[in-house]
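Enquirer: I'd like to ask some things about the structure below.
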Amino acid sequence: MNSDSKVTTSPLSSMSTPTDPDFKQQIQAICGENVMSCYQCGECTAGCPAAFSMDIAPNQVLRLAQAGFKDDVLTSSAIWLCAGCETCATRCPRGVALSKVMDACRQISVAEGKVAKDQRNVLKMHEEMLRQIQTFGRVHEISMIAAFKMRTGRFFDDVFAGIQMFLKGKLGLIPSVIKGRKEVKELFDKQ
Ligand code: SF4
Ligand code: SF4
């Protein structure tokens, strides 16, 4: 081999052995999606705006779920970096709503204590965002960021960007509430 040649390693090459053949049923029970419908064409990953930052690609999340590599999915960054934009669902020839699968995997990961250490701050942001929606019916960015910083101690991250957004009127001081706040709260109470 030429000394300048790069050795590339598949992100799947270091996966553990399958841990749970029932993982796919567990996902389906939560979100209704059948991961076995996926035939690995890769259309979802080709259109995903967040795939570049994920440790395993969206179609690989499904392949691992099909084969029962539960821990590899639940400890991945991919499930936390999915933005829920549903680009994948609109491209999928098999009608798989991958964003729902990602959400189900997040729920299982939290419930079973599998969130990777380097993704725990993402989980905290996620929790604070949901708390905002439960309280106001929508997100009040300043309150959410303040709560996130209190929980993580990352007081000075993104301060400059925050000041710029405030000066441009992108961050309101007073939270606004939506009309259907009671109905939104009832959705949370049903969980
Ligand atoms: S687009 Fe659909 S069928 Fe193709 S890999 Fe993605 S989820 Fe599977
Ligand atoms: S919903 Fe998630 S996985 Fe699908 S395209 Fe958007 S970011 Fe990617």
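Chain labels run A, B, ... following the order of the structure tokens; each chain numbers its residues from 1, and ligands are numbered from 1 in the order shown.
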At a cut-off of 8 Å, using only C-alpha atoms, what residues contact region 141-147 of chain A? Leave out same-chain residues fewer than 5 positions from it and give the result as a VMD selection string.
Expert: chain A and resid 125 128 to 129 132 171 to 173
Enquirer: Kindly work out which residues sit at most 10 Å from ligand 2, using only C-alpha atoms and all ligand atoms, and give the list as JSON, numbers by chain.
Expert: {"A": [43, 44, 45, 46, 47, 48, 49, 50, 51, 52, 54, 57, 58, 59, 61, 78, 79, 80, 81, 82, 83, 84, 85, 86, 87, 88, 89, 90, 91, 92, 96, 97, 98, 99, 100, 101, 102, 103]}
Enquirer: As an exercise, work out the distance from CA of Thr19 (chain A) to atom 7 (S, counted along the ligand's line) of ligand 1 in Å and give it to one decimal place.
Expert: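 One can read the CA of Thr19 (chain A) to atom 7 (S, counted along the ligand's line) of ligand 1 distance as 21.6 Å.
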Enquirer: With only C-alpha atoms as the counted atoms, please give the residues lying no more than 9 Å from region 64-74 of chain A, apart from itself and same-chain residues fewer than 2 positions off, as a PyMOL selection string.
Expert: chain A and resi 12+15-24+27+35-36+38+56+59-62+76-79+105-106+108-110+112+114-116
Enquirer: For the selection you just gave me, I'd like the residues written to a file as a CSV table (one decimal), in the first residue's frame, keeping C-alpha atoms.
Expert:
```
chain,number,residue,atom,x,y,z
A,12,LEU,CA,-20.1,-0.1,11.8
A,15,MET,CA,-20.0,-2.4,16.7
A,16,SER,CA,-20.6,-4.9,19.5
A,17,THR,CA,-22.5,-8.1,19.1
A,18,PRO,CA,-26.3,-7.9,18.8
A,19,THR,CA,-27.9,-7.5,22.2
A,20,ASP,CA,-31.6,-7.6,21.7
A,21,PRO,CA,-33.6,-9.2,18.9
A,22,ASP,CA,-36.8,-7.6,20.3
A,23,PHE,CA,-35.4,-4.1,19.9
A,24,LYS,CA,-37.4,-3.6,16.7
A,27,ILE,CA,-39.4,0.7,18.8
A,35,VAL,CA,-37.8,-0.8,11.0
A,36,MET,CA,-38.0,-4.0,8.9
A,38,CYS,CA,-36.3,-0.4,5.4
A,56,ILE,CA,-23.8,6.5,12.5
A,59,ASN,CA,-29.9,4.4,7.4
A,60,GLN,CA,-27.4,2.7,9.6
A,61,VAL,CA,-29.5,3.4,12.7
A,62,LEU,CA,-32.2,1.4,11.0
A,76,SER,CA,-25.1,6.8,19.6
A,77,SER,CA,-25.0,10.6,19.0
A,78,ALA,CA,-27.1,10.1,15.9
A,79,ILE,CA,-30.4,9.7,17.8
A,105,CYS,CA,-34.8,5.4,20.5
A,106,ARG,CA,-34.2,8.6,22.5
A,108,ILE,CA,-35.7,4.1,25.3
A,109,SER,CA,-32.2,5.5,25.8
A,110,VAL,CA,-33.3,7.8,28.6
A,112,GLU,CA,-32.8,2.5,30.2
A,114,LYS,CA,-28.0,4.5,28.0
A,115,VAL,CA,-27.4,8.1,27.1
A,116,ALA,CA,-23.8,8.5,26.1
```
Enquirer: For ligand 1, which residue among A:Arg94, A:Lys117, A:His126, A:Arg63 is the nearest when counting only C-alpha atoms and all ligand atoms?
Expert: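 The shortest atom-to-atom distance to ligand 1 comes from A:Arg94.
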Enquirer: Using DSSP secondary structure from the backbone, list all helix (DSSP H, G or I) positions within chain A, as a VMD selection string.
Expert: chain A and resid 23 to 31 35 to 37 43 to 47 51 to 53 58 to 67 70 to 74 78 to 81 87 to 91 98 to 111 117 to 136 141 to 152 159 to 167 181 to 189
Enquirer: Could those selected residues go to a file with C-alpha atoms, as a tab-separated table (two decimals), in the first residue's frame?
Expert:
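After the write, part_28.tsv holds the following:
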```
chain	number	residue	atom	x	y	z
A	23	PHE	CA	-35.44	-4.08	19.91
A	24	LYS	CA	-37.40	-3.55	16.67
A	25	GLN	CA	-40.67	-4.52	18.38
A	26	GLN	CA	-39.85	-2.18	21.27
A	27	ILE	CA	-39.43	0.70	18.79
A	28	GLN	CA	-42.64	-0.20	16.96
A	29	ALA	CA	-44.62	-0.33	20.22
A	30	ILE	CA	-43.60	3.27	20.96
A	31	CYS	CA	-43.86	4.95	17.57
A	35	VAL	CA	-37.85	-0.80	10.98
A	36	MET	CA	-37.98	-4.01	8.92
A	37	SER	CA	-39.64	-2.00	6.11
A	43	GLU	CA	-32.11	7.96	0.34
A	44	CYS	CA	-32.72	9.16	3.90
A	45	THR	CA	-29.04	9.64	4.65
A	46	ALA	CA	-28.40	11.32	1.28
A	47	GLY	CA	-30.91	14.05	2.15
A	51	ALA	CA	-25.95	13.20	8.86
A	52	PHE	CA	-22.52	14.82	8.53
A	53	SER	CA	-22.34	15.24	12.30
A	58	PRO	CA	-29.63	7.50	9.61
A	59	ASN	CA	-29.95	4.39	7.40
A	60	GLN	CA	-27.36	2.65	9.59
A	61	VAL	CA	-29.48	3.37	12.67
A	62	LEU	CA	-32.24	1.38	11.01
A	63	ARG	CA	-29.93	-1.44	9.94
A	64	LEU	CA	-28.56	-1.78	13.46
A	65	ALA	CA	-32.09	-1.77	14.88
A	66	GLN	CA	-33.14	-4.48	12.42
A	67	ALA	CA	-30.23	-6.66	13.54
A	70	LYS	CA	-29.62	-2.11	20.63
A	71	ASP	CA	-26.80	-0.65	22.74
A	72	ASP	CA	-25.01	0.73	19.69
A	73	VAL	CA	-28.12	2.66	18.69
A	74	LEU	CA	-29.03	3.80	22.20
A	78	ALA	CA	-27.14	10.10	15.87
A	79	ILE	CA	-30.39	9.74	17.81
A	80	TRP	CA	-29.69	13.04	19.62
A	81	LEU	CA	-28.50	14.98	16.59
A	87	THR	CA	-36.64	15.18	5.10
A	88	CYS	CA	-35.89	11.46	5.34
A	89	ALA	CA	-39.57	10.54	5.58
A	90	THR	CA	-40.42	12.50	2.43
A	91	ARG	CA	-37.60	10.76	0.50
A	98	LEU	CA	-37.22	7.82	10.60
A	99	SER	CA	-37.71	10.85	12.84
A	100	LYS	CA	-40.27	8.81	14.82
A	101	VAL	CA	-37.78	5.95	15.12
A	102	MET	CA	-35.12	8.38	16.35
A	103	ASP	CA	-37.55	9.77	18.91
A	104	ALA	CA	-38.50	6.29	20.13
A	105	CYS	CA	-34.79	5.44	20.48
A	106	ARG	CA	-34.24	8.61	22.53
A	107	GLN	CA	-37.09	7.60	24.84
A	108	ILE	CA	-35.68	4.10	25.30
A	109	SER	CA	-32.16	5.45	25.79
A	110	VAL	CA	-33.33	7.75	28.59
A	111	ALA	CA	-35.58	5.12	30.21
A	117	LYS	CA	-21.74	10.79	28.39
A	118	ASP	CA	-20.97	13.22	25.56
A	119	GLN	CA	-24.68	13.49	24.70
A	120	ARG	CA	-25.96	14.30	28.20
A	121	ASN	CA	-25.89	18.05	27.60
A	122	VAL	CA	-28.02	17.48	24.49
A	123	LEU	CA	-30.50	15.64	26.71
A	124	LYS	CA	-30.52	18.57	29.17
A	125	MET	CA	-31.29	21.00	26.33
A	126	HIS	CA	-34.00	18.62	25.13
A	127	GLU	CA	-35.56	18.49	28.62
A	128	GLU	CA	-35.47	22.27	29.03
A	129	MET	CA	-37.08	22.76	25.62
A	130	LEU	CA	-39.91	20.38	26.56
A	131	ARG	CA	-40.32	22.16	29.90
A	132	GLN	CA	-40.77	25.45	28.03
A	133	ILE	CA	-43.42	23.96	25.74
A	134	GLN	CA	-45.22	22.45	28.71
A	135	THR	CA	-45.22	25.83	30.49
A	136	PHE	CA	-45.83	28.35	27.71
A	141	GLU	CA	-35.42	31.05	24.22
A	142	ILE	CA	-33.91	33.20	26.99
A	143	SER	CA	-35.54	31.16	29.76
A	144	MET	CA	-34.50	27.93	28.08
A	145	ILE	CA	-30.87	28.99	27.64
A	146	ALA	CA	-30.70	30.34	31.22
A	147	ALA	CA	-32.01	27.04	32.61
A	148	PHE	CA	-29.62	25.07	30.41
A	149	LYS	CA	-26.63	27.12	31.54
A	150	MET	CA	-27.61	26.71	35.21
A	151	ARG	CA	-27.73	22.93	34.74
A	152	THR	CA	-24.50	22.59	32.78
A	159	VAL	CA	-22.38	34.63	24.76
A	160	PHE	CA	-21.34	36.72	21.75
A	161	ALA	CA	-23.90	35.04	19.48
A	162	GLY	CA	-26.55	35.54	22.17
A	163	ILE	CA	-25.81	39.27	22.44
A	164	GLN	CA	-26.00	39.64	18.66
A	165	MET	CA	-29.34	37.84	18.54
A	166	PHE	CA	-30.69	40.01	21.36
A	167	LEU	CA	-29.59	43.23	19.65
A	181	ARG	CA	-51.76	26.11	26.23
A	182	LYS	CA	-54.23	24.06	28.28
A	183	GLU	CA	-54.49	21.43	25.52
A	184	VAL	CA	-50.70	21.24	25.21
A	185	LYS	CA	-50.40	20.76	28.96
A	186	GLU	CA	-52.97	17.94	28.78
A	187	LEU	CA	-50.77	16.17	26.20
A	188	PHE	CA	-47.89	16.22	28.66
A	189	ASP	CA	-50.15	15.03	31.49
```
